[in-house]
>>> print(open('data03.tsv').read())   # TSV, C-alpha atoms and all ligand atoms
chain	number	residue	atom	x	y	z
A	1383	MET	CA	0.00	0.00	0.00
A	1384	THR	CA	1.37	3.41	-0.99
A	1385	ILE	CA	1.74	5.84	1.90
A	1386	ALA	CA	0.44	9.37	1.29
A	1387	GLN	CA	3.35	11.75	1.69
A	1388	ILE	CA	1.10	14.80	1.38
A	1389	SER	CA	-1.59	15.32	4.02
A	1390	ALA	CA	-5.28	16.03	3.39
A	1391	HIS	CA	-4.39	19.70	4.02
A	1392	GLY	CA	-1.76	19.62	1.26
A	1393	ARG	CA	1.18	19.60	3.70
A	1394	LEU	CA	4.33	17.53	3.39
A	1395	ARG	CA	3.74	14.91	6.06
A	1396	HIS	CA	6.24	12.16	5.24
A	1397	LEU	CA	9.22	12.22	2.88
A	1398	LEU	CA	9.77	8.61	1.86
A	1399	THR	CA	10.53	8.73	-1.86
A	1400	LEU	CA	10.71	11.21	-4.73
A	1401	GLU	CA	9.05	8.68	-7.03
A	1402	ASP	CA	5.51	9.79	-6.26
A	1403	LEU	CA	6.22	13.34	-5.12
A	1404	ASP	CA	5.09	15.77	-7.80
A	1405	ARG	CA	7.18	18.57	-9.22
A	1406	GLU	CA	5.16	21.24	-7.41
A	1407	HIS	CA	6.04	19.80	-4.00
A	1408	ILE	CA	9.66	19.21	-5.00
A	1409	GLN	CA	9.91	22.85	-6.08
A	1410	MET	CA	8.26	23.96	-2.83
A	1411	ILE	CA	11.01	22.18	-0.84
A	1412	ILE	CA	13.78	23.64	-3.01
A	1413	ASP	CA	12.33	27.17	-2.73
A	1414	ARG	CA	12.15	26.84	1.04
A	1415	ALA	CA	15.70	25.47	1.12
A	1416	SER	CA	16.96	28.42	-0.93
A	1417	ALA	CA	15.54	30.74	1.73
A	1418	TYR	CA	17.73	29.01	4.32
A	1419	LEU	CA	20.98	29.62	2.42
A	1420	THR	CA	23.23	32.40	3.67
A	1421	LYS	CA	26.35	33.83	2.08
A	1422	VAL	CA	29.73	32.21	2.76
A	1423	GLY	CA	31.19	33.80	5.90
A	1424	GLN	CA	27.77	34.83	7.22
A	1425	PRO	CA	26.15	33.01	10.18
A	1426	PRO	CA	23.92	30.08	9.20
A	1427	ALA	CA	20.17	30.61	9.04
A	1428	HIS	CA	18.22	30.07	12.24
A	1429	ASP	CA	14.48	29.91	12.87
A	1430	THR	CA	12.36	29.19	15.92
A	1431	ILE	CA	9.48	27.40	14.20
A	1432	LEU	CA	10.23	23.97	15.65
A	1433	ARG	CA	10.29	25.21	19.24
A	1434	GLY	CA	8.46	22.70	21.39
A	1435	MET	CA	8.79	19.90	18.83
A	1436	THR	CA	11.04	16.88	19.12
A	1437	VAL	CA	12.99	15.29	16.28
A	1438	ALA	CA	14.53	11.81	16.70
A	1439	ASN	CA	17.43	10.80	14.44
A	1440	LEU	CA	17.56	7.02	14.06
A	1441	PHE	CA	20.51	6.00	11.91
A	1442	PHE	CA	20.64	2.22	11.73
A	1443	GLU	CA	23.37	2.55	9.08
A	1444	ALA	CA	26.55	4.66	8.99
A	1445	SER	CA	26.33	8.31	7.95
A	1446	THR	CA	28.27	11.55	8.27
A	1447	ARG	CA	26.62	14.13	6.00
A	1448	THR	CA	22.96	13.18	6.32
A	1449	ARG	CA	23.08	12.57	10.04
A	1450	ALA	CA	25.06	15.70	10.91
A	1451	SER	CA	22.95	17.92	8.68
A	1452	PHE	CA	19.60	16.61	9.96
A	1453	GLU	CA	20.81	17.14	13.52
A	1454	LEU	CA	22.07	20.67	12.81
A	1455	ALA	CA	18.95	21.47	10.79
A	1456	ALA	CA	16.65	20.49	13.66
A	1457	LYS	CA	18.74	22.46	16.17
A	1458	ARG	CA	18.85	25.55	13.92
A	1459	LEU	CA	15.05	25.39	13.82
A	1460	ASN	CA	14.92	25.21	17.63
A	1461	ALA	CA	13.65	21.64	18.00
A	1462	ASP	CA	14.54	19.30	20.83
A	1463	VAL	CA	16.76	16.68	19.20
A	1464	LEU	CA	17.30	13.06	20.14
A	1465	ASN	CA	20.17	11.22	18.43
A	1466	LEU	CA	19.67	7.58	19.30
A	1467	ASP	CA	22.95	5.70	19.56
A	1468	VAL	CA	21.83	2.50	17.88
A	1469	ASN	CA	24.88	0.55	19.03
A	1470	THR	CA	23.97	1.03	22.68
A	1471	SER	CA	20.20	1.07	22.20
A	1472	SER	CA	17.93	-1.85	23.03
A	1473	ARG	CA	17.90	-2.83	19.34
A	1474	ALA	CA	21.23	-4.45	20.18
A	1475	LYS	CA	19.25	-6.66	22.60
A	1476	GLY	CA	16.84	-7.70	19.87
A	1477	GLU	CA	14.13	-5.04	20.15
A	1478	SER	CA	12.31	-4.58	16.84
A	1479	VAL	CA	12.37	-1.32	14.90
A	1480	MET	CA	8.66	-0.78	15.55
A	1481	ASP	CA	8.98	-1.39	19.29
A	1482	THR	CA	11.81	1.15	19.31
A	1483	ILE	CA	9.57	3.60	17.45
A	1484	PHE	CA	6.56	3.04	19.73
A	1485	THR	CA	8.80	3.51	22.78
A	1486	LEU	CA	10.12	6.82	21.48
A	1487	GLN	CA	6.68	7.92	20.27
A	1488	ALA	CA	5.49	7.52	23.87
A	1489	MET	CA	8.09	10.19	24.73
A	1490	GLN	CA	6.21	12.55	22.35
A	1491	ILE	CA	8.52	12.52	19.36
A	1492	ASP	CA	7.00	14.50	16.46
A	1493	MET	CA	9.37	13.56	13.64
A	1494	PHE	CA	11.45	10.49	13.00
A	1495	VAL	CA	14.46	10.75	10.69
A	1496	VAL	CA	15.34	7.20	9.68
A	1497	ARG	CA	18.18	5.52	7.83
A	1498	ASP	CA	18.08	1.76	7.45
A	1499	ALA	CA	19.75	-0.88	5.31
A	1500	SER	CA	16.47	-2.73	4.67
A	1501	THR	CA	13.91	-1.77	2.04
A	1502	GLY	CA	10.54	-0.65	3.39
A	1503	VAL	CA	11.51	0.37	6.92
A	1504	PRO	CA	10.62	4.10	6.62
A	1505	ALA	CA	7.26	3.22	5.01
A	1506	GLU	CA	6.55	0.62	7.69
A	1507	ILE	CA	7.17	3.25	10.37
A	1508	ALA	CA	5.05	5.81	8.52
A	1509	ARG	CA	2.18	3.32	8.30
A	1510	ASN	CA	2.14	2.77	12.06
A	1511	VAL	CA	2.88	6.08	13.78
A	1512	GLU	CA	0.29	8.44	15.27
A	1513	PRO	CA	-1.49	10.71	12.75
A	1514	HIS	CA	0.47	13.83	13.70
A	1515	VAL	CA	3.90	12.14	13.47
A	1516	CYS	CA	6.14	12.59	10.40
A	1517	VAL	CA	8.72	10.18	8.98
A	1518	LEU	CA	11.64	11.46	6.92
A	1519	ASN	CA	13.68	8.93	4.97
A	1520	ALA	CA	17.41	9.57	5.42
A	1521	GLY	CA	18.52	6.70	3.19
A	1522	GLU	CA	16.83	3.36	2.58
A	1523	SER	CA	18.84	0.39	1.31
A	1524	GLU	CA	19.41	0.74	-2.45
A	1525	VAL	CA	16.05	2.26	-3.20
A	1526	SER	CA	15.59	5.77	-1.89
A	1527	HIS	CA	17.49	8.78	-0.52
A	1528	PRO	CA	15.03	11.61	-1.14
A	1529	THR	CA	16.86	14.47	0.57
A	1530	GLN	CA	19.97	13.55	-1.43
A	1531	GLY	CA	17.94	13.65	-4.64
A	1532	LEU	CA	16.59	17.07	-3.65
A	1533	LEU	CA	19.99	18.52	-2.81
A	1534	ASP	CA	21.44	17.15	-6.04
A	1535	LEU	CA	18.60	18.68	-8.07
A	1536	MET	CA	18.95	21.99	-6.20
A	1537	THR	CA	22.70	22.07	-6.89
A	1538	ILE	CA	22.22	21.33	-10.60
A	1539	LEU	CA	19.51	24.01	-10.91
A	1540	GLU	CA	21.74	26.56	-9.18
A	1541	HIS	CA	24.46	26.04	-11.76
A	1542	ARG	CA	22.32	25.17	-14.78
A	1543	PRO	CA	18.66	26.24	-14.54
A	1544	ASP	CA	18.20	25.11	-18.19
A	1545	ILE	CA	17.88	21.50	-17.07
A	1546	GLU	CA	15.88	20.49	-20.14
A	1547	ASN	CA	19.04	21.14	-22.21
A	1548	LEU	CA	21.37	19.12	-20.01
A	1549	ARG	CA	23.14	15.82	-20.53
A	1550	ILE	CA	23.77	14.29	-17.12
A	1551	ALA	CA	26.03	11.27	-16.58
A	1552	ILE	CA	26.00	9.28	-13.36
A	1553	VAL	CA	29.10	7.10	-13.23
A	1554	GLY	CA	29.71	4.19	-10.90
A	1555	ASP	CA	27.85	1.53	-8.96
A	1556	ILE	CA	24.37	2.41	-10.19
A	1557	ARG	CA	22.91	-0.99	-9.35
A	1558	HIS	CA	23.35	-0.51	-5.60
A	1559	SER	CA	22.73	3.24	-5.51
A	1560	ARG	CA	19.78	4.88	-3.77
A	1561	VAL	CA	21.42	8.20	-4.72
A	1562	ALA	CA	21.10	7.36	-8.43
A	1563	ARG	CA	17.48	6.24	-8.02
A	1564	SER	CA	16.43	9.40	-6.19
A	1565	ALA	CA	18.36	11.58	-8.67
A	1566	TYR	CA	16.59	9.78	-11.51
A	1567	HIS	CA	13.15	10.50	-10.03
A	1568	ALA	CA	14.00	14.18	-9.47
A	1569	LEU	CA	15.69	14.81	-12.81
A	1570	THR	CA	13.09	13.08	-14.96
A	1571	LYS	CA	10.34	15.18	-13.35
A	1572	TYR	CA	12.29	18.27	-14.41
A	1573	GLY	CA	12.62	17.03	-18.00
A	1574	VAL	CA	16.38	16.48	-18.19
A	1575	LYS	CA	17.42	16.11	-21.84
A	1576	GLU	CA	19.51	12.99	-21.39
A	1577	LEU	CA	20.39	10.85	-18.39
A	1578	ARG	CA	23.26	8.44	-18.89
A	1579	LEU	CA	24.06	5.70	-16.39
A	1580	VAL	CA	27.66	4.68	-16.81
A	1581	GLY	CA	29.60	1.83	-15.24
A	1582	PRO	CA	30.80	-1.76	-15.60
A	1583	PRO	CA	27.99	-3.99	-16.93
A	1584	GLU	CA	27.70	-5.81	-13.61
A	1585	LEU	CA	27.11	-2.48	-11.78
A	1586	LEU	CA	24.44	-1.19	-14.16
A	1587	PRO	CA	20.79	-1.54	-13.13
A	1588	ASP	CA	18.47	-4.16	-14.56
A	1589	SER	CA	15.28	-2.10	-14.21
A	1590	SER	CA	13.70	1.00	-12.65
A	1591	PHE	CA	15.42	3.63	-14.81
A	1592	ASP	CA	13.02	3.89	-17.78
A	1593	GLY	CA	14.32	6.25	-20.44
A	1594	ALA	CA	17.90	6.47	-19.14
A	1595	LYS	CA	20.73	5.41	-21.41
A	1596	LEU	CA	22.98	2.64	-20.04
A	1597	CYS	CA	26.61	2.79	-21.04
A	1598	SER	CA	29.65	0.70	-20.14
A	1599	ASP	CA	32.17	2.77	-22.08
A	1600	VAL	CA	33.09	5.66	-19.79
A	1601	ASP	CA	34.35	7.92	-22.57
A	1602	GLU	CA	31.13	7.48	-24.51
A	1603	GLY	CA	29.14	7.98	-21.29
A	1604	ILE	CA	30.69	11.28	-20.22
A	1605	ARG	CA	31.51	12.83	-23.61
A	1606	GLY	CA	29.80	16.22	-23.84
A	1607	ALA	CA	28.09	15.76	-20.46
A	1608	ASP	CA	27.12	18.97	-18.65
A	1609	VAL	CA	26.97	17.26	-15.27
A	1610	VAL	CA	29.01	14.25	-14.15
A	1611	MET	CA	28.10	12.60	-10.87
A	1612	ALA	CA	30.60	10.04	-9.58
A	1613	LEU	CA	29.40	7.31	-7.21
A	1614	ARG	CA	31.45	5.06	-4.97
A	1615	ILE	CA	31.30	1.29	-5.14
A	1616	GLN	CA	28.90	0.28	-2.35
A	1617	ARG	CA	30.92	-2.60	-0.95
A	1618	GLU	CA	28.45	-3.06	1.93
A	1619	ARG	CA	25.64	-4.00	-0.50
A	1620	PHE	CA	27.42	-6.82	-2.33
A	1621	THR	CA	26.22	-10.26	-1.31
A	1622	GLU	CA	29.35	-11.93	-2.72
A	1623	LEU	CA	32.66	-10.36	-1.71
A	1624	GLY	CA	34.28	-11.84	-4.82
A	1625	ALA	CA	32.00	-9.69	-7.00
A	1626	ILE	CA	33.39	-6.39	-5.64
A	1627	PRO	CA	35.50	-4.75	-8.36
A	1628	ASP	CA	39.21	-4.33	-7.71
A	1629	PRO	CA	39.65	-0.62	-6.78
A	1630	GLN	CA	42.77	-0.09	-8.91
A	1631	GLU	CA	41.24	-1.73	-11.96
A	1632	TYR	CA	38.02	0.23	-11.41
A	1633	ALA	CA	39.97	3.50	-11.11
A	1634	ARG	CA	41.81	2.76	-14.35
A	1635	ARG	CA	38.61	1.98	-16.26
A	1636	TYR	CA	36.06	4.37	-14.71
A	1637	GLY	CA	37.78	6.81	-12.34
A	1638	LEU	CA	37.07	10.48	-13.01
A	1639	THR	CA	40.43	12.11	-13.78
A	1640	PRO	CA	41.37	15.50	-15.28
A	1641	GLU	CA	42.06	13.72	-18.60
A	1642	ARG	CA	38.59	12.22	-18.66
A	1643	LEU	CA	36.97	15.46	-17.54
A	1644	ALA	CA	38.47	17.14	-20.62
A	1645	ILE	CA	35.94	15.38	-22.88
A	1646	THR	CA	32.90	16.64	-20.94
A	1647	ALA	CA	31.15	19.92	-21.87
A	1648	PRO	CA	33.38	23.00	-21.31
A	1649	ASN	CA	31.53	24.28	-18.24
A	1650	SER	CA	30.59	20.89	-16.83
A	1651	ILE	CA	30.10	20.44	-13.12
A	1652	VAL	CA	31.32	17.46	-11.10
A	1653	MET	CA	29.23	16.05	-8.27
A	1654	HIS	CA	29.66	13.31	-5.69
A	1655	PRO	CA	27.23	12.51	-2.86
A	1656	GLY	CA	30.06	11.43	-0.54
A	1657	PRO	CA	31.68	9.65	1.09
A	1658	MET	CA	34.38	9.74	-1.60
A	1659	ASN	CA	37.07	7.18	-2.23
A	1660	ARG	CA	39.73	9.47	-3.68
A	1661	GLY	CA	41.84	7.76	-6.29
A	1662	VAL	CA	39.12	5.21	-7.05
A	1663	GLU	CA	35.91	6.72	-8.53
A	1664	ILE	CA	37.31	10.28	-8.48
A	1665	SER	CA	40.81	11.73	-8.37
A	1666	GLY	CA	41.73	14.30	-5.74
A	1667	GLU	CA	42.47	16.82	-8.51
A	1668	VAL	CA	38.93	16.53	-9.85
A	1669	ALA	CA	37.29	16.45	-6.42
A	1670	ASP	CA	39.07	19.67	-5.41
A	1671	GLY	CA	39.20	21.21	-8.89
A	1672	PRO	CA	37.31	24.12	-10.46
A	1673	HIS	CA	34.50	21.95	-11.87
A	1674	SER	CA	33.68	20.43	-8.49
A	1675	VAL	CA	30.48	21.45	-6.68
A	1676	ILE	CA	30.81	18.73	-4.05
A	1677	GLU	CA	31.05	21.09	-1.07
A	1678	ARG	CA	28.11	23.05	-2.41
A	1679	GLN	CA	26.09	19.82	-2.39
A	1680	VAL	CA	26.81	19.56	1.33
A	1681	THR	CA	25.75	23.16	1.97
A	1682	ASN	CA	22.56	22.64	-0.02
A	1683	GLY	CA	21.93	19.42	1.90
A	1684	MET	CA	21.80	21.42	5.13
A	1685	ALA	CA	19.28	23.81	3.61
A	1686	VAL	CA	17.15	20.99	2.15
A	1687	ARG	CA	16.95	19.24	5.52
A	1688	MET	CA	15.94	22.48	7.23
A	1689	ALA	CA	13.27	22.94	4.56
A	1690	VAL	CA	11.90	19.43	4.93
A	1691	LEU	CA	11.70	19.73	8.72
A	1692	ALA	CA	10.11	23.18	8.46
A	1693	LEU	CA	7.47	21.99	5.99
A	1694	ALA	CA	6.70	18.82	7.94
A	1695	HIS	CA	6.24	20.89	11.09
A	1696	GLU	CA	3.19	22.49	9.42
A	1697	HIS	CA	1.55	19.07	9.34
A	1698	VAL	CA	2.26	18.54	13.04
A	1699	ARG	CA	0.76	21.96	13.81
A	1700	ASP	CA	-2.33	21.16	11.71
A	1701	MET	CA	-2.88	17.99	13.67
A	1702	GLN	CA	-2.33	19.74	16.98
A	1703	GLY	CA	-4.92	22.34	15.99
A	1704	ILE	CA	-2.39	25.15	16.32
A	1705	SER	CA	-2.15	27.59	13.42
A	1706	ALA	CA	1.22	27.36	11.70
A	1801	LIG	N1	25.55	11.21	0.84
A	1801	LIG	C1	25.30	10.61	2.01
A	1801	LIG	O1	24.21	10.07	2.26
A	1801	LIG	O2	26.35	10.66	2.88
A	1801	LIG	P1	26.35	10.02	4.34
A	1801	LIG	O3	26.29	8.52	4.17
A	1801	LIG	O4	27.65	10.47	4.97
A	1801	LIG	O5	25.15	10.52	5.08
>>> encode(input="data03.tsv", output="structure tokens", more="lines below")
Ligand code: CP
Amino acid sequence: MTIAQISAHGRLRHLLTLEDLDREHIQMIIDRASAYLTKVGQPPAHDTILRGMTVANLFFEASTRTRASFELAAKRLNADVLNLDVNTSSRAKGESVMDTIFTLQAMQIDMFVVRDASTGVPAEIARNVEPHVCVLNAGESEVSHPTQGLLDLMTILEHRPDIENLRIAIVGDIRHSRVARSAYHALTKYGVKELRLVGPPELLPDSSFDGAKLCSDVDEGIRGADVVMALRIQRERFTELGAIPDPQEYARRYGLTPERLAITAPNSIVMHPGPMNRGVEISGEVADGPHSVIERQVTNGMAVRMAVLALAHEHVRDMQGISA
């Protein structure tokens, strides 16, 4: 059963996937995020709208960027923030995810931010929480990373608003990538001219990317591209260790180097969701070079997470009968 992400009042209630979020709501999040950006060197944006609300960050999988930015975003909006240490929580004693959620919900949590290695966990939580509670997907197995898709779209639009003219190449382990899937859902809604998925045949997807061009030849895949997004090999998602590509061989065949970048469009931008493996999918020179917008992705990620929390808070207020 599909979970409604938009409430009966038209508010963003849950953010589980970009697949069935329409362009209007995506643009609403990006516009709100843009309002939370401040100039380099200026203090970060702060707001008091989440005062009195509690956000719980439940990261059942490793994270630096998403976890830190959701925590900072909630604090900069004045929420009470709980960061559950999953290694010392009662999940380590066998407690189920839903019992953990019900326990925390009894402490009056309003929003759960959830990362999990299993497909369906954020939706399962969303299906079972109280009507006022929101669930925000912070990365779900290989299938969905909606705030990453939003920050990637926002970063591309900042640099190239003419998205319908762009050729975008995503290079790497597409098969195991929730980043690629969420980017696909965002970019296709904005009418990207061409989306190329580039990587070794065994790391290309077998379905779920209708209309994208699959390409195993990296030069063919990135030639003339306006945007190149490099992805790491997701070693943790391989079921057979022997199937993991050798990093040196992968770097030689697919790594993004200055030489390879030379065949992309003249003003191309280089993206990477992080964490990077320098010298494997991307060289240090490219990661730190003039085409790179990787740090800007991180900055935009902060703003997107503030926007998502701020918009979801309107649903909580609706349900509490308090005007937003
Ligand atoms: N891009 C991303 O999700 O990074 P983290 O795993 O560090 O959160």
>>> closest_atom_pairs(input="data03.tsv", of="chain A", to="ligand LIG 1801 (chain A)", cutoff="10 Å", atoms="all atoms listed in the file", output="Markdown table")
| residue | atom | partner | partner_atom | distance |
| --- | --- | --- | --- | --- |
| A:Phe1441 | CA | A:LIG1801 | O5 | 9.4 |
| A:Glu1443 | CA | A:LIG1801 | O3 | 8.3 |
| A:Ala1444 | CA | A:LIG1801 | O3 | 6.2 |
| A:Ser1445 | CA | A:LIG1801 | O3 | 3.8 |
| A:Thr1446 | CA | A:LIG1801 | O4 | 3.5 |
| A:Arg1447 | CA | A:LIG1801 | O4 | 3.9 |
| A:Thr1448 | CA | A:LIG1801 | O5 | 3.7 |
| A:Arg1449 | CA | A:LIG1801 | O5 | 5.8 |
| A:Ala1450 | CA | A:LIG1801 | O5 | 7.8 |
| A:Ser1451 | CA | A:LIG1801 | O5 | 8.5 |
| A:Phe1452 | CA | A:LIG1801 | O5 | 9.6 |
| A:Arg1497 | CA | A:LIG1801 | O5 | 9.0 |
| A:Ala1520 | CA | A:LIG1801 | O1 | 7.5 |
| A:Gly1521 | CA | A:LIG1801 | O1 | 6.7 |
| A:Glu1522 | CA | A:LIG1801 | O1 | 10.0 |
| A:His1527 | CA | A:LIG1801 | O1 | 7.4 |
| A:Pro1528 | CA | A:LIG1801 | O1 | 9.9 |
| A:Thr1529 | CA | A:LIG1801 | O1 | 8.7 |
| A:Gln1530 | CA | A:LIG1801 | N1 | 6.5 |
| A:Gly1531 | CA | A:LIG1801 | N1 | 9.7 |
| A:Leu1533 | CA | A:LIG1801 | N1 | 9.9 |
| A:Asp1534 | CA | A:LIG1801 | N1 | 10.0 |
| A:Arg1560 | CA | A:LIG1801 | O1 | 9.1 |
| A:Val1561 | CA | A:LIG1801 | N1 | 7.6 |
| A:Leu1613 | CA | A:LIG1801 | N1 | 9.7 |
| A:His1654 | CA | A:LIG1801 | N1 | 8.0 |
| A:Pro1655 | CA | A:LIG1801 | N1 | 4.3 |
| A:Gly1656 | CA | A:LIG1801 | N1 | 4.7 |
| A:Pro1657 | CA | A:LIG1801 | O4 | 5.7 |
| A:Met1658 | CA | A:LIG1801 | O2 | 9.2 |
| A:Gln1679 | CA | A:LIG1801 | N1 | 9.2 |
| A:Val1680 | CA | A:LIG1801 | N1 | 8.5 |
| A:Gly1683 | CA | A:LIG1801 | N1 | 9.0 |
>>> residues_around(input="data03.tsv", residues="Asp1413 of chain A", least_positions_apart="5", cutoff="12 Å", atoms="all atoms listed in the file", output="PyMOL selection string")
chain A and resi 1405-1408+1418-1419+1532-1533+1535-1536+1539-1540+1682+1685-1686+1688-1690+1693
>>> atom_distance(input="data03.tsv", atom1="atom CA of Leu1454 of chain A", atom2="atom CA of Asp1429 of chain A")
12.0 Å
>>> closest_residue(input="data03.tsv", among="A:Val1553, A:Asp1608, A:Pro1648, A:Ile1676", to="Ala1633 of chain A", atoms="all atoms listed in the file")
A:Val1553
>>> atom_distance(input="data03.tsv", atom1="atom CA of Leu1464 of chain A", atom2="atom CA of Thr1384 of chain A")
28.2 Å
>>> closest_residue(input="data03.tsv", among="A:Asn1659, A:Gln1487, A:Ser1598, A:Thr1430", to="Ile1556 of chain A", atoms="all atoms listed in the file")
A:Ser1598
>>> closest_residue(input="data03.tsv", among="A:Arg1678, A:Arg1687, A:Arg1617, A:Lys1595", to="Thr1537 of chain A", atoms="only C-alpha atoms")
A:Arg1678
>>> residues_around(input="data03.tsv", residues="Ser1526 of chain A", least_positions_apart="6", cutoff="8 Å", atoms="only C-alpha atoms", output="count of residues only")
8
>>> closest_atom_pairs(input="data03.tsv", of="segment 1480-1530 of chain A", to="segment 1431-1435 of chain A", cutoff="9 Å", atoms="all atoms listed in the file", output="JSON lines")
{"residue": "A:Gln1490", "atom": "CA", "partner": "A:Met1435", "partner_atom": "CA", "distance": 8.5}
{"residue": "A:Ile1491", "atom": "CA", "partner": "A:Met1435", "partner_atom": "CA", "distance": 7.4}
{"residue": "A:Asp1492", "atom": "CA", "partner": "A:Met1435", "partner_atom": "CA", "distance": 6.2}
{"residue": "A:Met1493", "atom": "CA", "partner": "A:Met1435", "partner_atom": "CA", "distance": 8.2}
>>> residues_near_point(input="data03.tsv", point="(4.1, 19.6, 11.6)", cutoff="9 Å", atoms="only C-alpha atoms", output="list in words")
Arg1393, Leu1394, Arg1395, Leu1432, Met1435, Asp1492, Met1493, His1514, Val1515, Cys1516, Leu1691, Ala1692, Leu1693, Ala1694, His1695, Glu1696, His1697, Val1698, Arg1699, Asp1700, Met1701, Gln1702 and Ala1706 of chain A
>>> closest_residue(input="data03.tsv", among="A:Val1610, A:Val1517, A:Ala1427, A:Leu1623", to="Ser1674 of chain A", atoms="all atoms listed in the file")
A:Val1610
>>> axis_aligned_box(input="data03.tsv", around="segment 1553-1564 of chain A", padding_each_side="5 Å", output="JSON")
{"center_x": 23.1, "center_y": 4.2, "center_z": -8.5, "size_x": 23.3, "size_y": 20.4, "size_z": 19.5}
>>> closest_residue(input="data03.tsv", among="A:Ser1590, A:Thr1470, A:Thr1570, A:Thr1639", to="Ser1665 of chain A", atoms="only C-alpha atoms")
A:Thr1639
>>> atom_distance(input="data03.tsv", atom1="atom CA of Leu1440 of chain A", atom2="atom CA of Gly1392 of chain A")
26.4 Å
>>> closest_residue(input="data03.tsv", among="A:Gly1581, A:Leu1569, A:Met1611, A:Ser1472", to="Gly1593 of chain A", atoms="only C-alpha atoms")
A:Leu1569
>>> residues_around(input="data03.tsv", residues="Gly1671 of chain A", least_positions_apart="3", cutoff="12 Å", atoms="only C-alpha atoms", output="PyMOL selection string")
chain A and resi 1638-1640+1643+1650-1653+1664-1668+1674-1677
